[in-house]
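Colleague: Sharing coords.cif (mmCIF, C-alpha atoms) below.
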```cif
data_protein
#
loop_
_atom_site.label_atom_id
_atom_site.label_comp_id
_atom_site.auth_asym_id
_atom_site.auth_seq_id
_atom_site.Cartn_x
_atom_site.Cartn_y
_atom_site.Cartn_z
CA MET A 1 -89.81 6.03 -36.53
CA ALA A 2 -86.19 5.84 -37.46
CA LYS A 3 -86.82 3.25 -40.15
CA ILE A 4 -89.59 5.15 -41.89
CA THR A 5 -88.81 7.13 -45.06
CA TYR A 6 -89.80 10.72 -45.58
CA ASP A 7 -92.23 9.73 -48.30
CA LYS A 8 -93.92 7.11 -46.12
CA ALA A 9 -94.16 9.58 -43.25
CA PHE A 10 -95.68 12.20 -45.53
CA GLU A 11 -98.16 9.68 -46.88
CA GLU A 12 -99.22 8.72 -43.34
CA LEU A 13 -99.57 12.36 -42.43
CA ASN A 14 -101.99 12.87 -45.31
CA GLN A 15 -103.89 9.78 -44.26
CA ILE A 16 -104.27 11.15 -40.73
CA LEU A 17 -105.51 14.44 -42.15
CA ASP A 18 -108.08 12.56 -44.24
CA ASP A 19 -109.11 10.54 -41.19
CA ILE A 20 -109.53 13.57 -38.98
CA GLN A 21 -111.52 15.40 -41.63
CA SER A 22 -113.86 12.40 -41.99
CA GLU A 23 -116.77 11.64 -39.70
CA GLY A 24 -115.47 8.19 -38.86
CA VAL A 25 -112.88 9.17 -36.27
CA GLY A 26 -114.08 9.77 -32.75
CA ILE A 27 -112.74 12.25 -30.24
CA ASP A 28 -110.89 9.60 -28.26
CA GLU A 29 -108.93 8.67 -31.33
CA ILE A 30 -108.17 12.29 -32.11
CA ALA A 31 -105.63 12.47 -29.28
CA LYS A 32 -103.79 9.46 -30.62
CA LYS A 33 -103.99 10.69 -34.23
CA SER A 34 -102.92 14.18 -33.28
CA LYS A 35 -99.96 12.83 -31.30
CA ARG A 36 -98.91 10.68 -34.25
CA ALA A 37 -99.37 13.59 -36.64
CA ASN A 38 -97.11 15.77 -34.51
CA GLU A 39 -94.46 13.06 -34.39
CA LEU A 40 -94.60 12.65 -38.13
CA LEU A 41 -94.43 16.40 -38.70
CA LYS A 42 -91.40 16.65 -36.45
CA PHE A 43 -89.76 13.73 -38.20
CA CYS A 44 -90.46 15.12 -41.68
CA ARG A 45 -89.18 18.57 -40.74
CA GLU A 46 -85.98 17.18 -39.23
CA LYS A 47 -85.40 14.86 -42.15
CA LEU A 48 -86.04 17.67 -44.60
CA ARG A 49 -83.59 19.97 -42.82
CA THR A 50 -80.93 17.27 -42.55
CA ILE A 51 -81.17 16.38 -46.22
CA GLU A 52 -81.33 20.02 -47.16
CA SER A 53 -78.17 20.91 -45.30
CA GLN A 54 -76.42 17.78 -46.60
CA VAL A 55 -77.30 18.73 -50.15
CA ALA A 56 -76.13 22.28 -49.55
CA GLU A 57 -72.83 20.96 -48.16
CA ASN A 58 -72.39 18.66 -51.11
CA PHE A 59 -72.88 21.52 -53.50
CA GLU A 60 -70.49 23.70 -51.56
CA GLU A 61 -67.80 20.95 -51.70
CA GLU A 62 -67.79 21.03 -55.49
CA MET B 1 15.01 1.01 -134.47
CA ASN B 2 13.11 4.03 -133.23
CA PHE B 3 10.55 6.45 -134.65
CA GLU B 4 12.04 9.82 -134.40
CA ASP B 5 8.89 11.68 -133.46
CA ALA B 6 6.45 10.68 -130.80
CA VAL B 7 2.82 10.14 -131.90
CA TRP B 8 -0.54 10.52 -130.11
CA ILE B 9 -2.55 7.32 -129.88
CA GLU B 10 -6.05 6.71 -128.55
CA CYS B 11 -6.72 3.49 -126.67
CA GLU B 12 -7.96 1.95 -123.46
CA ILE B 13 -5.81 0.86 -120.55
CA ASN B 14 -6.47 -2.80 -119.83
CA GLN B 15 -3.94 -3.29 -117.04
CA ILE B 16 -1.31 -1.22 -115.31
CA ASN B 17 1.41 -2.22 -112.80
CA GLU B 18 4.03 -0.16 -111.07
CA LYS B 19 7.52 -1.44 -110.32
CA ARG B 20 10.27 0.72 -108.84
CA GLY B 21 8.79 3.92 -110.16
CA ASN B 22 8.26 2.53 -113.63
CA TYR B 23 4.75 1.76 -114.93
CA TYR B 24 3.97 -1.15 -117.22
CA LEU B 25 0.75 -1.03 -119.15
CA GLN B 26 -1.32 -3.22 -121.40
CA LEU B 27 -3.18 -1.11 -123.94
CA ILE B 28 -6.16 -2.32 -125.94
CA GLU B 29 -8.52 -1.09 -128.59
CA LYS B 30 -12.07 -2.38 -128.67
CA GLU B 31 -14.59 -2.67 -131.47
CA GLU B 32 -17.06 0.19 -131.45
CA GLU B 33 -20.01 -0.60 -129.12
CA LYS B 34 -18.67 -4.08 -128.40
CA ASP B 35 -16.41 -5.68 -125.86
CA VAL B 36 -14.25 -7.41 -128.45
CA ILE B 37 -10.57 -6.45 -128.37
CA LYS B 38 -9.29 -5.78 -131.84
CA ALA B 39 -5.75 -4.67 -130.99
CA GLN B 40 -3.43 -4.71 -128.02
CA ALA B 41 0.06 -3.58 -127.17
CA SER B 42 2.45 -3.21 -124.23
CA ALA B 43 3.63 0.16 -123.03
CA ALA B 44 5.77 1.62 -120.30
CA ILE B 45 6.15 4.92 -118.50
CA TRP B 46 9.68 5.23 -117.36
CA TYR B 47 10.45 6.78 -114.01
CA ARG B 48 11.49 10.14 -115.38
CA ASN B 49 8.39 10.47 -117.55
CA ALA B 50 6.21 9.24 -114.72
CA MET B 51 7.50 12.07 -112.51
CA PHE B 52 6.67 14.60 -115.24
CA ILE B 53 3.18 13.23 -115.84
CA LYS B 54 2.43 13.04 -112.10
CA LYS B 55 3.44 16.64 -111.69
CA LYS B 56 1.24 17.63 -114.59
CA LEU B 57 -1.84 15.60 -113.62
CA GLY B 58 -1.57 15.86 -109.87
CA LYS B 59 -4.37 13.89 -108.20
CA LEU B 60 -5.79 12.86 -111.56
CA PHE B 61 -2.76 10.64 -112.24
CA ASP B 62 -4.19 7.63 -110.39
CA SER B 63 -7.66 8.23 -111.76
CA ILE B 64 -6.60 8.27 -115.35
CA LEU B 65 -3.92 5.65 -115.26
CA GLN B 66 -6.08 2.71 -114.30
CA GLY B 67 -7.76 -0.21 -115.98
CA GLY B 68 -10.83 0.54 -118.06
CA VAL B 69 -9.99 4.17 -118.75
CA LYS B 70 -9.89 5.52 -122.29
CA VAL B 71 -6.74 7.55 -122.83
CA LYS B 72 -4.85 9.52 -125.39
CA LEU B 73 -1.16 8.95 -124.93
CA LYS B 74 1.87 10.52 -126.48
CA CYS B 75 4.12 7.61 -127.30
CA SER B 76 7.40 6.97 -128.91
CA ILE B 77 8.09 3.50 -130.11
CA SER B 78 11.18 1.63 -129.09
CA PHE B 79 12.33 -1.71 -130.24
CA SER B 80 14.87 -3.95 -128.62
CA GLU B 81 15.80 -7.44 -129.55
CA ARG B 82 15.17 -8.65 -126.04
CA TYR B 83 11.79 -7.03 -125.29
CA GLY B 84 10.43 -6.51 -128.76
CA MET B 85 8.41 -3.48 -129.74
CA ASN B 86 7.33 -1.28 -126.90
CA TYR B 87 5.45 1.99 -126.56
CA VAL B 88 7.19 4.47 -124.34
CA ILE B 89 4.66 6.89 -122.93
CA GLU B 90 5.80 10.45 -122.60
CA ASP B 91 2.60 12.38 -121.97
CA VAL B 92 -1.13 11.95 -121.26
CA ASP B 93 -4.01 14.06 -122.65
CA VAL B 94 -6.34 14.64 -119.71
CA ASN B 95 -9.03 16.38 -121.74
CA TYR B 96 -9.37 13.41 -124.03
CA THR B 97 -10.13 11.07 -121.15
CA ILE B 98 -12.59 13.49 -119.59
CA GLY B 99 -14.21 14.00 -122.98
CA GLN B 100 -14.45 10.27 -123.58
CA MET B 101 -15.99 9.83 -120.18
CA GLU B 102 -18.56 12.53 -120.90
CA ILE B 103 -19.41 10.87 -124.22
CA GLN B 104 -19.71 7.52 -122.43
CA ARG B 105 -21.81 9.15 -119.76
CA GLN B 106 -24.25 10.60 -122.29
CA LYS B 107 -24.54 7.21 -123.97
CA VAL B 108 -25.35 5.57 -120.66
CA ILE B 109 -28.00 8.20 -119.90
CA GLU B 110 -29.53 7.66 -123.35
CA ARG B 111 -29.67 3.91 -122.78
CA LEU B 112 -31.21 4.33 -119.34
CA LYS B 113 -33.83 6.58 -120.91
CA GLU B 114 -34.54 4.03 -123.62
CA GLU B 115 -34.90 1.23 -121.09
CA LYS B 116 -37.14 3.49 -118.97
CA LEU B 117 -34.83 3.20 -115.99
CA LEU B 118 -34.09 6.87 -115.44
CA ASN B 119 -37.20 7.53 -113.34
CA LEU B 120 -37.94 4.03 -112.10
CA ASN B 121 -36.54 4.45 -108.57
CA HIS B 122 -38.11 7.93 -108.31
CA GLN B 123 -41.49 6.26 -108.34
CA LYS B 124 -40.82 4.52 -105.03
CA ASN B 125 -42.02 6.36 -101.97
CA LEU B 126 -39.50 7.06 -99.25
CA PRO B 127 -41.06 5.94 -95.94
CA SER B 128 -41.78 8.68 -93.39
CA VAL B 129 -39.42 7.07 -90.90
CA LEU B 130 -35.97 6.03 -92.12
CA GLN B 131 -34.25 3.93 -89.48
CA ARG B 132 -33.14 0.65 -90.99
CA ILE B 133 -30.58 1.69 -93.53
CA ALA B 134 -28.81 -0.60 -96.01
CA VAL B 135 -25.57 1.19 -96.77
CA VAL B 136 -23.64 0.42 -99.93
CA SER B 137 -20.20 1.83 -99.32
CA SER B 138 -16.78 0.86 -98.20
CA GLU B 139 -15.53 1.12 -94.67
CA LYS B 140 -12.43 2.58 -96.22
CA ALA B 141 -14.35 4.96 -98.46
CA ALA B 142 -13.97 8.64 -97.81
CA GLY B 143 -17.11 9.97 -96.19
CA PHE B 144 -18.32 6.70 -94.67
CA ALA B 145 -16.90 7.56 -91.26
CA ASP B 146 -18.43 11.05 -91.47
CA PHE B 147 -21.76 9.48 -92.35
CA MET B 148 -21.66 7.12 -89.37
CA GLU B 149 -20.47 9.84 -87.02
CA HIS B 150 -23.26 12.16 -88.11
CA LEU B 151 -25.92 9.46 -87.67
CA ASN B 152 -24.68 8.06 -84.37
CA HIS B 153 -24.28 11.45 -82.72
CA ASN B 154 -27.41 13.14 -84.02
CA ASN B 155 -28.86 15.85 -81.77
CA TYR B 156 -32.16 14.06 -81.27
CA ASP B 157 -30.85 10.65 -80.12
CA TYR B 158 -32.56 8.84 -82.97
CA ALA B 159 -31.36 5.27 -83.24
CA PHE B 160 -30.41 3.91 -86.63
CA GLU B 161 -29.82 0.31 -87.67
CA ILE B 162 -27.04 0.39 -90.21
CA ALA B 163 -26.25 -2.64 -92.35
CA LEU B 164 -23.11 -2.05 -94.38
CA PHE B 165 -22.83 -3.88 -97.69
CA ASP B 166 -19.15 -3.43 -98.13
CA SER B 167 -18.32 -2.70 -101.77
CA ALA B 168 -15.45 -1.12 -103.64
CA MET B 169 -16.27 2.51 -104.33
CA GLN B 170 -13.73 2.94 -107.09
CA GLY B 171 -11.61 0.84 -109.36
CA GLN B 172 -12.27 -2.22 -111.41
CA ASN B 173 -14.22 -4.23 -108.84
CA MET B 174 -16.65 -1.46 -108.24
CA GLU B 175 -19.27 -2.58 -110.76
CA THR B 176 -19.48 -6.20 -109.60
CA GLU B 177 -19.34 -5.43 -105.91
CA ILE B 178 -21.95 -2.66 -105.96
CA THR B 179 -24.36 -4.65 -108.17
CA ASP B 180 -23.85 -7.74 -105.98
CA SER B 181 -24.60 -5.68 -102.87
CA ILE B 182 -27.80 -4.28 -104.38
CA ARG B 183 -28.89 -7.80 -105.37
CA GLU B 184 -28.22 -8.98 -101.81
CA ILE B 185 -30.29 -6.09 -100.41
CA ASN B 186 -33.14 -6.92 -102.80
CA ASP B 187 -33.20 -10.47 -101.42
CA SER B 188 -34.04 -9.17 -97.95
CA TYR B 189 -35.47 -5.77 -98.82
CA LYS B 190 -38.19 -5.98 -96.17
CA GLU B 191 -35.55 -5.59 -93.49
CA TYR B 192 -34.68 -2.07 -94.62
CA ASP B 193 -36.41 1.25 -95.07
CA CYS B 194 -34.08 2.47 -97.79
CA VAL B 195 -30.72 2.03 -99.46
CA VAL B 196 -27.95 4.55 -99.20
CA VAL B 197 -25.01 4.64 -101.63
CA ILE B 198 -22.26 6.87 -100.30
CA ARG B 199 -18.75 7.80 -101.21
CA GLY B 200 -16.95 10.94 -100.22
CA GLY B 201 -15.24 13.41 -102.47
CA GLY B 202 -12.79 12.60 -105.21
CA SER B 203 -11.97 13.83 -108.64
CA LYS B 204 -14.51 13.67 -111.44
CA LEU B 205 -12.58 10.67 -112.72
CA ASP B 206 -12.64 8.96 -109.34
CA LEU B 207 -16.40 9.22 -109.35
CA SER B 208 -16.77 8.24 -113.00
CA GLY B 209 -17.40 4.64 -111.90
CA PHE B 210 -20.87 5.81 -110.87
CA ASP B 211 -21.53 6.66 -114.51
CA ASN B 212 -21.50 2.91 -115.18
CA PHE B 213 -24.67 1.61 -116.80
CA ASN B 214 -24.96 -1.50 -114.68
CA ILE B 215 -24.58 0.34 -111.40
CA ALA B 216 -27.06 3.03 -112.41
CA ALA B 217 -29.50 0.37 -113.70
CA HIS B 218 -29.26 -1.65 -110.48
CA ILE B 219 -29.96 1.48 -108.46
CA ALA B 220 -32.94 2.22 -110.72
CA LYS B 221 -34.36 -1.27 -110.34
CA CYS B 222 -33.65 -1.62 -106.61
CA LYS B 223 -36.75 -2.75 -104.68
CA LEU B 224 -36.16 0.00 -102.14
CA PRO B 225 -35.79 3.73 -102.67
CA VAL B 226 -32.10 4.60 -103.07
CA ILE B 227 -30.47 7.74 -101.73
CA THR B 228 -27.06 8.63 -103.14
CA GLY B 229 -24.42 10.79 -101.55
CA ILE B 230 -21.57 10.63 -104.00
CA GLY B 231 -18.73 13.13 -104.11
CA HIS B 232 -18.72 16.85 -103.54
CA GLU B 233 -21.01 19.71 -104.29
CA ILE B 234 -20.73 19.88 -108.07
CA ASP B 235 -20.67 16.21 -108.96
CA GLN B 236 -23.70 14.59 -110.48
CA THR B 237 -23.08 11.01 -111.63
CA VAL B 238 -25.47 8.86 -113.65
CA SER B 239 -26.16 6.85 -110.52
CA ASP B 240 -27.33 10.09 -108.90
CA LEU B 241 -29.77 10.50 -111.80
CA THR B 242 -31.36 7.09 -111.36
CA ALA B 243 -31.49 7.21 -107.58
CA ASN B 244 -34.70 8.17 -105.75
CA LEU B 245 -32.94 11.08 -104.12
CA SER B 246 -29.51 12.43 -104.87
CA LEU B 247 -27.70 14.43 -102.23
CA LYS B 248 -24.29 16.02 -102.50
CA THR B 249 -22.28 14.22 -99.81
CA PRO B 250 -22.48 11.31 -97.35
CA THR B 251 -22.87 13.85 -94.53
CA ALA B 252 -25.79 15.41 -96.39
CA VAL B 253 -27.42 11.96 -96.59
CA ALA B 254 -26.96 11.44 -92.83
CA GLY B 255 -28.41 14.91 -92.23
CA TYR B 256 -31.37 14.10 -94.44
CA LEU B 257 -32.09 10.82 -92.60
CA VAL B 258 -32.03 12.62 -89.23
CA GLU B 259 -34.19 15.43 -90.58
CA GLN B 260 -36.80 13.06 -92.03
CA ASN B 261 -37.18 11.44 -88.62
CA LEU B 262 -37.29 14.83 -86.95
CA HIS B 263 -39.97 15.91 -89.40
CA TYR B 264 -41.96 12.77 -88.63
CA GLU B 265 -41.60 13.19 -84.88
CA THR B 266 -42.59 16.84 -85.09
CA THR B 267 -45.68 15.89 -87.06
CA ILE B 268 -46.56 13.28 -84.44
CA ILE B 269 -46.04 15.75 -81.60
CA GLU B 270 -48.18 18.34 -83.37
CA LEU B 271 -50.91 15.76 -83.90
CA ALA B 272 -50.72 14.77 -80.24
CA GLN B 273 -51.05 18.43 -79.25
CA GLN B 274 -54.05 18.84 -81.53
CA ILE B 275 -55.66 15.73 -80.03
CA ASN B 276 -54.96 17.01 -76.54
CA GLY B 277 -56.47 20.34 -77.50
CA HIS B 278 -59.60 18.64 -78.80
CA ILE B 279 -59.88 16.52 -75.65
CA GLN B 280 -59.43 19.64 -73.52
CA ASN B 281 -62.21 21.34 -75.46
CA ILE B 282 -64.49 18.35 -74.93
CA PHE B 283 -63.66 18.38 -71.21
CA ASP B 284 -64.27 22.10 -71.00
CA GLU B 285 -67.61 21.81 -72.77
CA ASP B 286 -68.67 18.89 -70.61
CA SER B 287 -67.51 20.66 -67.51
CA LEU B 288 -69.70 23.64 -68.46
CA ARG B 289 -72.58 21.29 -69.11
CA LEU B 290 -72.05 19.66 -65.71
CA ASP B 291 -71.88 23.06 -64.01
CA ASN B 292 -75.14 23.90 -65.69
CA ILE B 293 -76.76 20.65 -64.57
CA GLN B 294 -75.40 21.15 -61.07
CA GLU B 295 -76.90 24.62 -60.89
CA ARG B 296 -80.25 23.47 -62.17
CA LEU B 297 -80.17 20.53 -59.80
CA TYR B 298 -79.34 22.80 -56.89
CA TYR B 299 -82.20 25.20 -57.62
CA ASN B 300 -84.65 22.39 -58.32
CA ILE B 301 -83.80 20.74 -55.02
CA LYS B 302 -84.09 24.07 -53.26
CA ASP B 303 -87.54 24.59 -54.82
CA ARG B 304 -88.50 21.10 -53.90
CA PHE B 305 -87.48 21.70 -50.29
CA SER B 306 -89.44 24.91 -50.03
CA SER B 307 -92.50 23.26 -51.50
CA GLU B 308 -92.07 20.39 -49.03
CA HIS B 309 -91.86 22.89 -46.19
CA ILE B 310 -95.01 24.53 -47.46
CA SER B 311 -96.73 21.16 -47.75
CA LEU B 312 -95.77 20.28 -44.21
CA GLN B 313 -96.99 23.64 -42.95
CA SER B 314 -100.27 23.32 -44.75
CA ILE B 315 -100.78 19.75 -43.58
CA GLU B 316 -100.07 20.88 -40.04
CA ARG B 317 -102.55 23.72 -40.36
CA LEU B 318 -105.15 21.47 -41.91
CA THR B 319 -104.68 18.86 -39.20
CA GLN B 320 -104.99 21.47 -36.46
CA SER B 321 -108.06 23.02 -37.97
CA ALA B 322 -109.60 19.60 -38.53
CA ILE B 323 -108.99 18.84 -34.85
CA GLN B 324 -110.41 22.23 -33.85
CA GLN B 325 -113.44 21.61 -35.98
CA LYS B 326 -113.93 18.21 -34.45
CA PHE B 327 -113.77 19.76 -30.97
CA GLN B 328 -116.11 22.48 -32.04
CA ILE B 329 -118.68 19.98 -33.25
CA HIS B 330 -118.52 17.99 -30.04
CA LYS B 331 -118.65 21.17 -27.95
CA SER B 332 -121.79 22.27 -29.79
CA LYS B 333 -123.35 18.89 -29.11
CA LEU B 334 -122.46 19.24 -25.41
CA ASP B 335 -123.93 22.77 -25.37
CA ALA B 336 -127.14 21.43 -26.82
CA VAL B 337 -127.33 18.77 -24.14
CA ASN B 338 -126.59 21.42 -21.54
CA GLY B 339 -129.45 23.56 -22.81
CA ILE B 340 -131.89 20.72 -22.53
CA LEU B 341 -130.65 19.90 -19.07
CA LYS B 342 -131.17 23.51 -18.05
CA VAL B 343 -134.79 23.48 -19.30
CA VAL B 344 -135.64 20.42 -17.26
CA HIS B 345 -133.89 21.65 -14.08
CA PRO B 346 -136.42 21.72 -11.07
CA ASP B 347 -135.71 25.42 -10.34
CA ASN B 348 -136.86 26.31 -13.83
CA ILE B 349 -139.97 24.19 -13.47
CA LEU B 350 -140.79 25.97 -10.14
CA LYS B 351 -140.37 29.30 -11.94
CA ARG B 352 -143.03 28.28 -14.38
CA GLY B 353 -145.53 27.90 -11.40
CA PHE B 354 -145.02 24.30 -10.58
CA SER B 355 -144.17 23.09 -7.06
CA TYR B 356 -143.05 19.81 -5.62
CA ILE B 357 -143.54 18.09 -2.26
CA MET B 358 -140.98 16.45 0.00
CA ASN B 359 -141.21 14.86 3.49
CA ASP B 360 -139.22 15.96 6.52
CA LYS B 361 -136.46 13.58 5.51
CA ASP B 362 -136.00 15.39 2.19
CA GLN B 363 -137.53 12.59 0.17
CA HIS B 364 -139.70 13.36 -2.87
CA ILE B 365 -143.40 12.64 -2.41
CA THR B 366 -144.82 12.03 -5.81
CA ASN B 367 -148.22 10.36 -5.11
CA LYS B 368 -151.22 10.54 -2.77
CA LYS B 369 -150.61 7.20 -1.18
CA SER B 370 -147.21 8.06 0.15
CA ALA B 371 -148.39 11.55 1.18
CA MET B 372 -151.03 9.97 3.39
CA LYS B 373 -148.30 8.22 5.33
CA GLU B 374 -146.41 11.38 6.24
CA SER B 375 -147.12 13.50 9.34
CA GLU B 376 -145.58 16.55 7.84
CA LEU B 377 -145.06 17.60 4.16
CA VAL B 378 -142.86 20.33 2.82
CA ILE B 379 -144.15 22.13 -0.33
CA HIS B 380 -141.37 23.71 -2.42
CA PHE B 381 -142.31 26.92 -4.31
CA LYS B 382 -140.11 29.12 -6.44
CA ASP B 383 -139.86 31.63 -3.60
CA GLY B 384 -139.45 29.22 -0.68
CA LYS B 385 -140.93 26.23 1.08
CA LEU B 386 -144.01 25.74 3.25
CA LYS B 387 -144.34 23.12 5.96
CA VAL B 388 -147.85 21.60 6.18
CA LYS B 389 -149.10 19.36 9.02
CA ALA B 390 -151.16 16.43 8.02
#
```
Show me this structure written as structure tokens.
Modeller:
Amino acid sequence: MAKITYDKAFEELNQILDDIQSEGVGIDEIAKKSKRANELLKFCREKLRTIESQVAENFEEE
Amino acid sequence: MNFEDAVWIECEINQINEKRGNYYLQLIEKEEEKDVIKAQASAAIWYRNAMFIKKKLGKLFDSILQGGVKVKLKCSISFSERYGMNYVIEDVDVNYTIGQMEIQRQKVIERLKEEKLLNLNHQKNLPSVLQRIAVVSSEKAAGFADFMEHLNHNNYDYAFEIALFDSAMQGQNMETEITDSIREINDSYKEYDCVVVIRGGGSKLDLSGFDNFNIAAHIAKCKLPVITGIGHEIDQTVSDLTANLSLKTPTAVAGYLVEQNLHYETTIIELAQQINGHIQNIFDEDSLRLDNIQERLYYNIKDRFSSEHISLQSIERLTQSAIQQKFQIHKSKLDAVNGILKVVHPDNILKRGFSYIMNDKDQHITNKKSAMKESELVIHFKDGKLKVKA
């Protein structure tokens, strides 16, 4: 997870959403997909906050 | 034999020597406008007369009684067998000499005008910076030391390169030496910014050498602009007229040189300040522009972050609801199955009036053949069971 970029993570998240919304994914897979989706959400949120606070700091340094 | 009365004669002094207080002169008369001598005579000023004339003329004595000067002399004529005829000079007419010099001076100016030399040196531009100075003067000349002192100890520490072209500043050698010096300067004129001709104060007669045509003409034709500083406040020689710039004294020339450089430096400093000002303005403007970009960047990023947060929230919600929906669908399917299962449950069948038969070992009896084998059968109704003996 550490190596993934925010954009890639976001893309995967959307893919999972598409998958879940489609008929193709069975209930057994849902657990796996849902777990992955939660990981990705957590990652994206953390990354977003980190970058956000970094940017804010950078602007404050000026 | 002696004339009884002294007479006034007009002539030019060719040579003069002094010996034990007595002066011996050679007098000449030249053809008008030419250098041809048409008459000459010897003359003397005896000690006693010399004392009288010196007292009368003061400082002018040396200026008037020198070679090349036109004079009006009061002479008596003496004759001795040993020395022959001799003029004995008793008095000198100062005004005549000054008048002659003024006439000569006007003639020289006229000639310079005719030969278009009067304004020739004026047409040369003095450079903005005057540092390499060719000085035509004499180390012994009055004013030269002042000039050097003024330049070398200027208040602004400007450095000057002075090349002295030592020349007589009065007397008979003046013309040759000054014109030679100017020729020498012309040969290497690129090494200098300008020429300076200086000589400190003196009487009008002392400075009359600068009314010489050749000197004035050489100054006019000099390849470099010439600045003169000859004499005191009121003197204006012909050389001053032909020079590029004529200042009153050697010190004034030194002051001018320093001032020119100061003027140049001030201009440069002002320009530098203007450039700095412009640069500062550009920096200020750019700084404002950068501030502006920074602000826009900051708010754009902020917006971007909030929209990302919203996206994440909505994706989370969508995922959850998609999962919920999926569960819901499967739950409905399970409910349907459950319903069917309920319908086919034996209890429900019994309720509808059916019954089923088991043996005493609780095994289902579903056909006649197996029923025949049993000794006892149990019939299950909706309200209980009934044992039947075979």
Colleague: Report as number ranges by chain the set of chain A residues whose atoms approach chain B to within 8 Å, with distances computed over all atoms listed in the file.
Modeller: A: 13-14, 16-17, 20-21, 27, 30, 34, 37, 41, 44-45, 48, 52, 59
Colleague: Could you jot down the CA of Asp157 (chain B) to CA of Gly255 (chain B) separation for me, Å, one decimal place?
Modeller: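 The value is 13.1 Å.
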Colleague: Hey, which of B:Tyr156, B:Lys72, B:Leu241, B:Arg132 ends up closest to Tyr189 (chain B)? Count all atoms listed in the file.
Modeller: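 Checking each candidate against Tyr189 (chain B), we get B:Arg132 as the closest.
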Colleague: Please expand the PyMOL selection byres ((chain B and resi 11) around 7) into the concrete residues it hits in this file, giving the result as a PyMOL selection string.
Modeller: chain B and resi 9-10+12-13+27-29+70-72
Colleague: Would you save the residues from that selection as a compact mmCIF listing (two decimals), in the frame of the given file, using C-alpha atoms?
Modeller:
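Written file, out21.txt:
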```
# COMPACT_ATOMS: atom_id res chain seq x y z
CA ILE B 9 -2.55 7.32 -129.88
CA GLU B 10 -6.05 6.71 -128.55
CA GLU B 12 -7.96 1.95 -123.46
CA ILE B 13 -5.81 0.86 -120.55
CA LEU B 27 -3.18 -1.11 -123.94
CA ILE B 28 -6.16 -2.32 -125.94
CA GLU B 29 -8.52 -1.09 -128.59
CA LYS B 70 -9.89 5.52 -122.29
CA VAL B 71 -6.74 7.55 -122.83
CA LYS B 72 -4.85 9.52 -125.39
```
Colleague: Let me know the residues the PyMOL selection byres ((chain B and resi 121) around 9) catches in the file above, as JSON, numbers by chain.
Modeller: {"B": [117, 118, 119, 120, 122, 123, 124, 125, 219, 220, 221, 222, 223, 224, 225, 226, 242, 243, 244, 245]}
Colleague: Could you tell me, as a VMD selection string, exactly which residues end up selected when the PyMOL selection byres ((chain B and resi 98) around 12) is applied to this structure?
Modeller: chain B and resid 60 63 to 64 69 to 72 92 to 97 99 to 105 203 to 208
Colleague: How many Å separate CA of Ser76 (chain B) from CA of Trp8 (chain B)?
Modeller: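 CA of Trp8 (chain B) lies 8.8 Å from CA of Ser76 (chain B).
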Colleague: Rounded to one decimal, what separation in Å do you get between CA of Asp383 (chain B) and CA of Val343 (chain B)?
Modeller: 18.4 Å
Colleague: For a quick check of your reading of the model, name the residues lying within 12 Å of the coordinate (-21.4, -1.5, -128.9), counting only C-alpha atoms, and write them as a CSV table (one decimal) with C-alpha atoms, keeping the file's coordinate frame.
Modeller:
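Below is the file selection.csv, written as the result:
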```
chain,number,residue,atom,x,y,z
B,30,LYS,CA,-12.1,-2.4,-128.7
B,31,GLU,CA,-14.6,-2.7,-131.5
B,32,GLU,CA,-17.1,0.2,-131.4
B,33,GLU,CA,-20.0,-0.6,-129.1
B,34,LYS,CA,-18.7,-4.1,-128.4
B,35,ASP,CA,-16.4,-5.7,-125.9
B,36,VAL,CA,-14.2,-7.4,-128.4
B,37,ILE,CA,-10.6,-6.4,-128.4
B,104,GLN,CA,-19.7,7.5,-122.4
B,107,LYS,CA,-24.5,7.2,-124.0
B,108,VAL,CA,-25.4,5.6,-120.7
B,111,ARG,CA,-29.7,3.9,-122.8
```
Colleague: Counting all atoms listed in the file, what is within 10 Å of region 259-267 of chain B, bar same-chain residues fewer than 5 positions away, as a list in words?
Modeller: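 The residues that qualify are Leu126, Pro127, Ser128, Val129, Leu130, Gln131, Asn154, Asn155, Tyr156, Tyr158, Val253, Ala254, Ala272 and Gln273 of chain B.
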Colleague: Please write out, as lines of an AutoDock Vina configuration file, where the centre of an axis-aligned box around all listed atoms of region 30-43 of chain A lies and how long its edges are, in Å to one decimal, after adding 8 Å on each side.
Modeller:
```
center_x = -99.0
center_y = 13.1
center_z = -34.0
size_x = 34.4
size_y = 23.2
size_z = 25.4
```
Colleague: From the options A:Glu23, A:Asp18, A:Ala31, A:Lys47, which residue's atoms come nearest to Tyr6 (chain A), counting all atoms listed in the file?
Modeller: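 Nearest candidate to Tyr6 (chain A) out of A:Glu23, A:Asp18, A:Ala31, A:Lys47: A:Lys47.
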Colleague: With distances taken over only C-alpha atoms, which residue among B:Lys113, B:Ala134, B:Ser375, B:Asn173 lies nearest Ala217 (chain B)?
Modeller: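 Distance minimum relative to Ala217 (chain B) lands on B:Lys113.
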Colleague: Which residue, B:Ser78, B:Asp335, B:Asn86, B:Ile282, has the smallest gap to Gln40 (chain B) when you use only C-alpha atoms?
Modeller: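 Checking each of B:Ser78, B:Asp335, B:Asn86, B:Ile282 against Gln40 (chain B), counting only C-alpha atoms, the winner is B:Asn86.
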